[in-house]
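These notes concern the structure reproduced below.
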Amino acid sequence: MLCKRKQEAACSSISSSSSSRVEPLRKHGWWLKRLLVGQEVPSMLLPVWILSRDPAATTVFALFLSFCLSTMDQVAKDSETSPALPPSLLERRVHQRQPTASALKSKLKRGVTCTAPRVRSTLTGFFPVVRWLPKYKLREYVWGDVMSGMIVGIILVPQAIAYCLLAGVDPIYGLYTSFYANIIYFLMGTSRHVSVGIFSLMSLMVGQVVDKELFDAGFDLNEEPLKYGSDVLNATMGNNLTSAKVHTVELMGMQIGKEYYAISIASALTLVAGVYQILMAIFRLGFVSVFLSAPMLDGFATGASFTILTVQAKYLLGLKIPRHQGYGTVVITWFNIFANIHKTNLCDLVTSAICITVLVAGKEIQERYKDRLKVPLPTELLVVAGATLASHFGELNSRYSSSVSGHIPTGFMPPQVPSISLMSRVALDAIPLAVISFAFTVSLSEMFAKKNGYTVRPNQEMVAIGCCNIIPSFFHCFTTSAALAKTMVKDSTGCQTQVSSLISALVVLLVLLFFAPFFYDLQKCVLACIIIVSLRGALRKFRDVPAKWRTSRIDAIVWLVSMSATALISVELGLLLGVVFSMTCIIFEMQNPKVSLLGRASESELYEDMNEYRNLVQPPRVQVFRFQAPLYYANKDVFLRSVYKAVGVEPFLEMARRRKEEKKAKLLSLRNTNTNSEKNNREVVIGLVERELDFDTIVLDCSAIPFLDSTGVTTVKGLVKEYKDIGVDVLLASCNASVIDTLQKSHFFGKKNKDMSGMLFHTVHTAVLYANSNSADKEVTTVDQGE
């Protein structure tokens with residue numbers, strides 16, 4: 001007991017006699033105090049503990065303890081200046097990158113390896129139907145697939161005939177396209193609900209290319225066809241067309257007329273577009289669709305819909321106006337319509353009014369009572385059937401000169417390889433077709449996959465839509481893509497798998513084999529009405545403009561620019577200008593990012609924008625700056641200007657001011673040489689030059705900086721150096737791993753990252769605490785020097 005009291009007294013005497021070592025004792029020497037009071041100690045310190053129990057050795061032990069504490073203090077100070085390892089909770093993983101040559105070799109080896117499992121996997125990946133069809137639940141799926149397939153097929157037939165007006169080809173080719181596209185996507189598609197076939201936008205773009213090539217070949221775009229389908233080829237090879245003085249051109253060694261030349265152009269265009277899509281799939285270029293933003297696509301679709309409406313307006317009035325070639329189609333077409341309005345065919349006008357009224361009424365009833373109606377109303381089919389009967393028995397073509405569809409042959413035409421010479425002519429025109437077709441197909445596939453709880457493979461979708469264009473191009477078809485309206489019908493009528501596409505193809509096949517000739521007397525104005533009413537959804541986007549403006553002005557402007565350019569200039573240039581303008585807006589946003597000074601919320605570790613939140617307190621003598629954009633070569637000047645403006649001090653101006661004041665102070669000291677001592681002169685110089693700043697540390701919150709390039713690293717290095725010259729430290733906080741790696745590779749933290757522990761922090765609060773600690777140390781040093 002006595003020994004323990006003596007030990008406690010020795011400990012207290014050490015603490016009282018050396019007050020400067022109390023804090024180190026609390027930090028590092030708790031176990032030494034336990035040793036002195038006789039508590040449990042580590043075994044390695046047992047000899048020291050035995051020595052300390054002898055009262056005579058207390059003085060010697062006190063000296064030993066003092067030496068140990070001073071040594072530990074020195075070690076602690078040295079450790080503060082040496083590179084510190086990251087906290088154990090955030091220790092970085094070591095990634096060993098495989099050499100490029102070895103990676104290429106192993107990838108090539110895997111690519112050329114041919115085994116039975118690999119062949120099976122490749123085939124099932126290329127034809128997904130092999131995977132899901134054996135697992136088809138007949139009782140559960142068959143009713144929904146049959147119903148949706150029949151309904152879509154019924155809708156598809158009149159639309160396939162109508163959209164041929166847009167594509168500039170005969171109606172039979174629209175039926176061919178719908179049939180082959182559904183069969184191929186059934187075999188190769190990964191979406192269960194997407195309906196692939198004729199799409200109004202694709203038909204419009206194909207039609208513009210067809211009309212341009214027909215015009216260049218010398219055909220009259222307003223000329224009524226004499227024969228249709230396979231009869232065209234037979235007639236052009238005889239003397240009938242020669243005697244009638246019908247213009248023909250030579251293609252692949254044959255003289256052909258306008259109708260066959262038109263589908264030859266469309267087939268060549270479709271083949272090239274499909275090849276582009278397959279190449280995009282091979283080289284994994286699906287990211288191209290990322291640059292097609294939703295507002296841009298919506299604006300493009302709306303502008304194209306307005307163009308389609310304009311092109312079809314002449315059929316509503318029964319006017320014989322050729323489609324304008326070049327820019328400004330909408331403006332010039334409406335001018336021509338009003339210039340020829342006195343030539344309106346009253347029969348076509350009355351028929352159009354009746355058909356539009358019935359179609360719109362059917363759509364409104366469908367939308368209002370969609371919860372009660374189990375299946376969509378086949379309004380288009382009813383209108384086509386009724387109008388065909390009225391035209392046939394009323395003899396509208398012969399009595400009122402109403403334009404009709406004409407003969408639609410049954411069966412299939414023999415396959416034909418598209419002309420290579422035409423492919424070279426339409427190679428550039430096929431690029432926007434390929435991109436838009438792929439973008440719409442993939443976006444619809446992913447949208448309905450998320451809605452129904454399954455996944456699709458975008459690259460396989462690109463392969464599927466490419467094959468839907470390549471293979472049918474040999475069978476006199478034109479470009480296809482996924483169609484939103486028919487896909488929504490499939491989803492709402494109980495579609496479960498792509499068996500519904502097979503059913504739709506069978507419906508089209510029945511029309512091709514048996515019912516196609518019955519559409520001979522179908523008026524073209526009826527087909528135009530079907531096309532125009534189908535544009536209601538796209539044209540309604542105009543009502544969403546105010547909401548878009550309130551949500552995001554940039555998105556609204558992108559929509560307006562894309563829509564206006566597509567409608568007023570041309571579809572192709574509208575797409576190009578829309579993409580360029582939307583990317584320009586992104587660059588503009590990155591060039592003008594949001595910047596802010598952060599403040600601390602109460603006593604928490606949360607720091608937020610002081611302009612956006614209340615009750616935030618700025619850390620003393622610390623400026624916390626946040627830059628919300630990547631830091632790269634294009635916005636480095638914006639970053640520097642933002643920092644200077646936010647903290648209120650530009651380093652080079654501050655240095656220039658100090659040099660100027662120092663020069664003035666020296667002159668003033670020379671004038672006062674006779675009256676003041678040298679010491680007073682020096683004090684005058686220092687007093688005039690130095691100006692106390694409101695802060696001595698800037699913390700850069702890098703949480704909103706996704707990446708840096710070499711120019712960005714150089715910019716930050718220069719910023720750190722400039723502020724260091726005026727006595728301000730710059731610290732980095734909340735950097736992501738990519739930014740840290742870039743900084744380390746650029747030796748931002750010195751050799752072997754020796755300055756990393758004093759410049760990089762995982763949180764803003766940690767950086768602020770470090771800055772406060774440094775400020776306190778500087779104040780103590782200043783006071784000591786003053787004393």
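By convention in this document, the chains of the structure tokens carry letters A, B, ... by their order, each chain's residues are numbered from 1, and ligands are numbered from 1 in the order they are shown.
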Residues flagged alpha helix (DSSP H) by DSSP in stretch 361-465 of chain A, as a ChimeraX atom specification: /A:361-368,379-394,396-400,420-425,430-452,458-465
Residues within 10 Å of A:Ile470, only C-alpha atoms, excluding chain neighbours under 5 positions, as a VMD selection string: chain A and resid 267 to 278 464 to 465 475 477 to 479
7 Å contact set for stretch 572-579 of chain A, only C-alpha atoms, chain neighbours under 2 positions out, as a ChimeraX atom specification: /A:291-292,296,300,432,558,561-562,565-566,569-570,581-583
For A:Thr248: contacts at 8 Å, only C-alpha atoms, fewer than 5 positions along chain excluded, given as an MDAnalysis selection string: chainID A and resid 236 255:258
Between atom CA of A:Ala538 and atom CA of A:Glu364 - distance in Å to one decimal: 15.6 Å
Among listed residues A:Ala704, A:Asp544, A:Tyr607, A:Ser106, nearest A:Pro593 (using only C-alpha atoms):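 Using only C-alpha atoms, A:Pro593 sits closest to A:Ala704.
Considering the residues A:Lys636, A:Lys370, A:Lys664, A:Arg614 and counting only C-alpha atoms, A:Gln591 has its shortest atom-to-atom contact with A:Lys636.
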Residue list (strand (DSSP E), DSSP) for stretch 244-360 of chain A, as a list in words: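 Listing strand (DSSP E) positions across stretch 244-360 of chain A yields Val249, Glu250, Leu251, Met254, Gln255 and Ile256 of chain A.
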Long-range neighbours of A:Cys585 as JSON, numbers by chain, 9 Å cut-off, only C-alpha atoms, 5 positions minimum in chain: {"A": [554, 555, 558, 580, 590]}
Written selection (N, CA and C atoms) as a compact mmCIF listing (two decimals), in the first residue's frame:
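Wrote again.txt, looks like this:
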```
# COMPACT_ATOMS: atom_id res chain seq x y z
N ILE A 554 -33.74 24.38 -71.04
CA ILE A 554 -32.83 23.88 -72.07
C ILE A 554 -33.48 22.74 -72.85
N ASP A 555 -34.17 21.82 -72.15
CA ASP A 555 -34.87 20.73 -72.85
C ASP A 555 -35.96 21.29 -73.77
N VAL A 558 -34.26 22.72 -76.84
CA VAL A 558 -33.82 21.63 -77.72
C VAL A 558 -35.00 21.07 -78.50
N VAL A 580 -26.62 18.18 -82.93
CA VAL A 580 -25.56 19.17 -82.69
C VAL A 580 -26.00 20.18 -81.63
N MET A 590 -21.73 22.63 -69.20
CA MET A 590 -20.44 22.32 -68.60
C MET A 590 -19.54 23.56 -68.56
```
